[in-house]
Amino acid sequence: MIYFDNAATSWPKPPCVTEAMVRFMTDIGANPGRAAHRPANRAAGIVYDARKAAAELFHLSDPLRVVFTCNVTEALNCVINGMLHPGDHVITGGMEHNAMMRPLRRTGETGVEVTVVPCTAEGGLDVSSIVNALRPSTALIALNHASNVVGTLLPIAEIGRIARANNTLLLVDTAQTAGAVPVDMEADCIDLCAFTGHKSLYGPTGTGGLVIGERVELSRLAPLKRGGTGSRSEQELQPDFLPDKYESGTLNVVGLAGLEAGIRWVMNRGIHAIRDHEMNLTSKLIEGLSGIPGVTLYGGSDARRRIPAVSFNIEGMEPSEAGLRLDEEYSLMCRVGLHCSPAAHRTIGTFPRGTIRFGMGVFNTLAEVDTAVQAVACLAREKG
Amino acid sequence: MKQDSYAVILVHSTNHALRVQDVLGKNGIAAKLVPVPRQLSSDCGVCVRVNRIDKETTASVLSATGLETDGLYDI
């Protein structure tokens with residue numbers, strides 16, 4: 001089987017991820033921060049180690065600025081719902097996933113002004129369009145780091161500097177990039193970094209987080225939920241300090257045990273080495289697919305400006321049919337359709353049909369890319 | 001037998017306790033997470049315990065690193 005659906009979730013996971021989770025379930029099992037006995041402290045230590053790993057990954061010195069959530073969607077919702085008020089202005093782009101777009105559209109209904117800056121047909125963004133969209137009331141610029149549909153990377157660092165110069169904040173959705181592309185909150189001027197654990201960090205589903213930079217005033221960011229934190233138990237009001245303010249209820253400790261192992265695995269392997277391998281896969285796939293008559297590729301052709309998620313269509317064949325046949329006849333797993341990103345498909349001109357997406361990861365090989373290209377060539381020949 | 005003497009650092013939460021323990025450890029001070037002594041606080045959480053002999057060094061590490069705590073007490 002060829003697994004080309006890593007943009008949805010990575011598979012397989014490194015063995016150390018599963019081992020860390022089994023170790024927690026069999027040897028520890030206790031609730032972190034809810035008691036002071038040894039297993040509870042060990043559980044809390046696992047969560048803290050995961051915070052340290054995430055802080056290190058995103059180049060932040062204080063691990064307590066890492067807030068864990070159940071996924072990147074929850075992290076984005078926390079910022080969008082907790083920070084924007086009627087009259088505020090927010091800038092986003094035309095390649096966003098619904099994890100960003102739906103909560104933004106919801107705030108639009110309550111009086112927040114939302115500007116969607118158009119992107120190019122390749123999924124890129126002209127930085128001057130961000131500058132032109134700025135207003136005195138702009139409270140937030142909210143963008144993905146790379147499109148989940150065509151993989152195009154946005155010039156986040158440049159946009160971050162614009163945000164700083166104009167006294168506004170930058171929220172980045174790193175769902176497709178954390179672990180696959182270096183993300184440096186300091187150098188890239190990112191104020192709020194939303195991440196998922198189960199894609200390029202190779203952790204389990206149900207893990208993710210929000211890393212909160214020092215420019216963010218906590219008093220201006222309300223929590224998405226309130227409840228027990230194991231701290232300030234004598235008070236009936238939510239604590240106002242990090243990370244407890246944003247972490248109510250028992251965390252997914254078994255998941256975080258796996259996430260910590262995943263992040264460490266990625267850092268040991270080296271993000272630059274992973275990036276090189278994935279750029280090679282992407283280049284080879286683009287080269288192979290672009291040579292097939294009847295195949296239309298979307299996004300740019302330069303692998304350095306994209307992540308290994310490649311979208312295309314086969315003339316005369318619906319993406320749904322292609323997906324089914326690739327699975328059943330070629331044992332190739334991919335994702336077809338709109339990928340939860342109607343805005344991106346409108347931008348690249350594939351709405352409502354959608355595309356076939358090959359999402360590659362660190363465990364894929366050049367030989368698999370060859371096999372996949374052959375499979376697509378066979379399907380395209382039938383229709384040609 | 002003489003009981004060992006300790007000092008404890010009260011903190012906002014278990015998360016802060018782990019941060020303090022981590023930073024103290026890096027500065028060569030052995031620190032342990034223990035339940036908050038009832039005479040100090042009614043909070044149900046943990047605090048960080050160090051040997052009394054390390055109390056002064058602990059105080060200077062805490063102040064040098066700017067870590068937020070709720071105080072350093074003898075127990």
# chains A, B, ... in the order shown; residues from 1 in each chain; ligands from 1

$ closest_atom_pairs --of "chain A" --to "chain B" --cutoff "7 Å" --atoms "only C-alpha atoms" --output "CSV"
residue,atom,partner,partner_atom,distance
A:Gly33,CA,B:Thr14,CA,5.2
A:Arg34,CA,B:Gly45,CA,6.7
A:Ala35,CA,B:Gly45,CA,6.3
A:Ala36,CA,B:Pro35,CA,5.1
A:Gly45,CA,B:Leu18,CA,6.9
A:Tyr48,CA,B:Leu18,CA,6.8
A:Gly230,CA,B:Gly45,CA,6.4
A:Ser231,CA,B:Ser13,CA,4.9
A:Arg232,CA,B:Asp43,CA,6.1
A:Ser233,CA,B:Asp43,CA,5.9
A:Glu234,CA,B:Asp43,CA,6.4

$ select_by_dssp --residues "chain B" --states "strand (DSSP E or B)" --output "number ranges by chain"
B: 6-9, 31-35, 46-51, 72-74

$ closest_residue --among "A:Ser61, A:Ser301, A:Thr26, A:Asn167" --to "Gly288 in chain A" --atoms "only C-alpha atoms"
A:Ser301

$ residues_around --residues "Leu192 in chain A" --least-positions-apart "2" --cutoff "7 Å" --atoms "only C-alpha atoms" --output "JSON, numbers by chain"
{"A": [170, 171, 172, 190, 194, 210, 211, 212, 213]}

$ atom_distance --atom1 "CA of His345 in chain A" --atom2 "CA of Asn98 in chain A"
11.7 Å

$ closest_residue --among "B:Val23, B:Leu40, B:Leu10, B:Ile29" --to "Thr69 in chain B" --atoms "only C-alpha atoms"
B:Leu10

$ residues_around --residues "range 218-227 of chain A" --least-positions-apart "4" --cutoff "7 Å" --atoms "only C-alpha atoms" --output "ChimeraX atom specification"
/A:78-79,82-83,238,245-246,248-249

$ atom_distance --atom1 "CA of Arg23 in chain A" --atom2 "CA of Gly28 in chain B"
28.5 Å

$ closest_residue --among "A:Met267, A:Val362, A:Ala53, A:Ala175" --to "Arg65 in chain A" --atoms "only C-alpha atoms"
A:Ala53

$ select_by_dssp --residues "range 140-200 of chain A" --states "helix (DSSP H, G or I)" --output "list in words"
Ile156, Ala157, Glu158, Ile159, Gly160, Arg161, Ile162, Ala163, Arg164 and Ala165 of chain A

$ atom_distance --atom1 "CA of Gly93 in chain A" --atom2 "CA of Arg135 in chain A"
15.8 Å

$ residues_around --residues "Lys55 in chain B" --least-positions-apart "3" --cutoff "9 Å" --atoms "only C-alpha atoms" --output "list in words"
Tyr6, Ala7, Val8, Val50, Asn51, Arg52, Thr58, Ala59, Ser60, Leu72, Tyr73 and Asp74 of chain B

$ write_last_selection --atoms "N, CA and C atoms" --output "PDB file, in the first residue's frame"
ATOM      1  N   TYR B   6      13.505  21.650  55.325  1.00  0.00           N
ATOM      2  CA  TYR B   6      13.248  21.997  53.921  1.00  0.00           C
ATOM      3  C   TYR B   6      12.712  23.413  53.814  1.00  0.00           C
ATOM      4  N   ALA B   7      12.682  23.882  52.581  1.00  0.00           N
ATOM      5  CA  ALA B   7      11.938  25.094  52.242  1.00  0.00           C
ATOM      6  C   ALA B   7      11.055  24.740  51.051  1.00  0.00           C
ATOM      7  N   VAL B   8       9.921  25.410  50.939  1.00  0.00           N
ATOM      8  CA  VAL B   8       9.071  25.146  49.773  1.00  0.00           C
ATOM      9  C   VAL B   8       8.790  26.440  49.016  1.00  0.00           C
ATOM     10  N   VAL B  50      12.735  22.177  48.382  1.00  0.00           N
ATOM     11  CA  VAL B  50      14.200  22.100  48.278  1.00  0.00           C
ATOM     12  C   VAL B  50      14.769  21.908  49.684  1.00  0.00           C
ATOM     13  N   ASN B  51      16.009  21.486  49.778  1.00  0.00           N
ATOM     14  CA  ASN B  51      16.649  21.388  51.091  1.00  0.00           C
ATOM     15  C   ASN B  51      16.868  22.797  51.631  1.00  0.00           C
ATOM     16  N   ARG B  52      16.676  22.943  52.929  1.00  0.00           N
ATOM     17  CA  ARG B  52      16.806  24.270  53.553  1.00  0.00           C
ATOM     18  C   ARG B  52      18.169  24.889  53.241  1.00  0.00           C
ATOM     19  N   THR B  58      18.433  29.094  45.985  1.00  0.00           N
ATOM     20  CA  THR B  58      17.134  29.006  45.317  1.00  0.00           C
ATOM     21  C   THR B  58      16.550  30.401  45.125  1.00  0.00           C
ATOM     22  N   ALA B  59      16.584  31.190  46.200  1.00  0.00           N
ATOM     23  CA  ALA B  59      16.023  32.549  46.126  1.00  0.00           C
ATOM     24  C   ALA B  59      16.726  33.360  45.049  1.00  0.00           C
ATOM     25  N   SER B  60      18.040  33.210  44.965  1.00  0.00           N
ATOM     26  CA  SER B  60      18.731  34.040  43.971  1.00  0.00           C
ATOM     27  C   SER B  60      18.474  33.534  42.546  1.00  0.00           C
ATOM     28  N   LEU B  72       8.629  31.815  48.976  1.00  0.00           N
ATOM     29  CA  LEU B  72       9.542  30.754  49.423  1.00  0.00           C
ATOM     30  C   LEU B  72       9.455  30.688  50.945  1.00  0.00           C
ATOM     31  N   TYR B  73       9.082  29.503  51.482  1.00  0.00           N
ATOM     32  CA  TYR B  73       8.821  29.391  52.924  1.00  0.00           C
ATOM     33  C   TYR B  73       9.588  28.226  53.535  1.00  0.00           C
ATOM     34  N   ASP B  74       9.964  28.413  54.802  1.00  0.00           N
ATOM     35  CA  ASP B  74      10.536  27.293  55.565  1.00  0.00           C
ATOM     36  C   ASP B  74       9.404  26.383  56.009  1.00  0.00           C
TER      37      ASP B  74
END
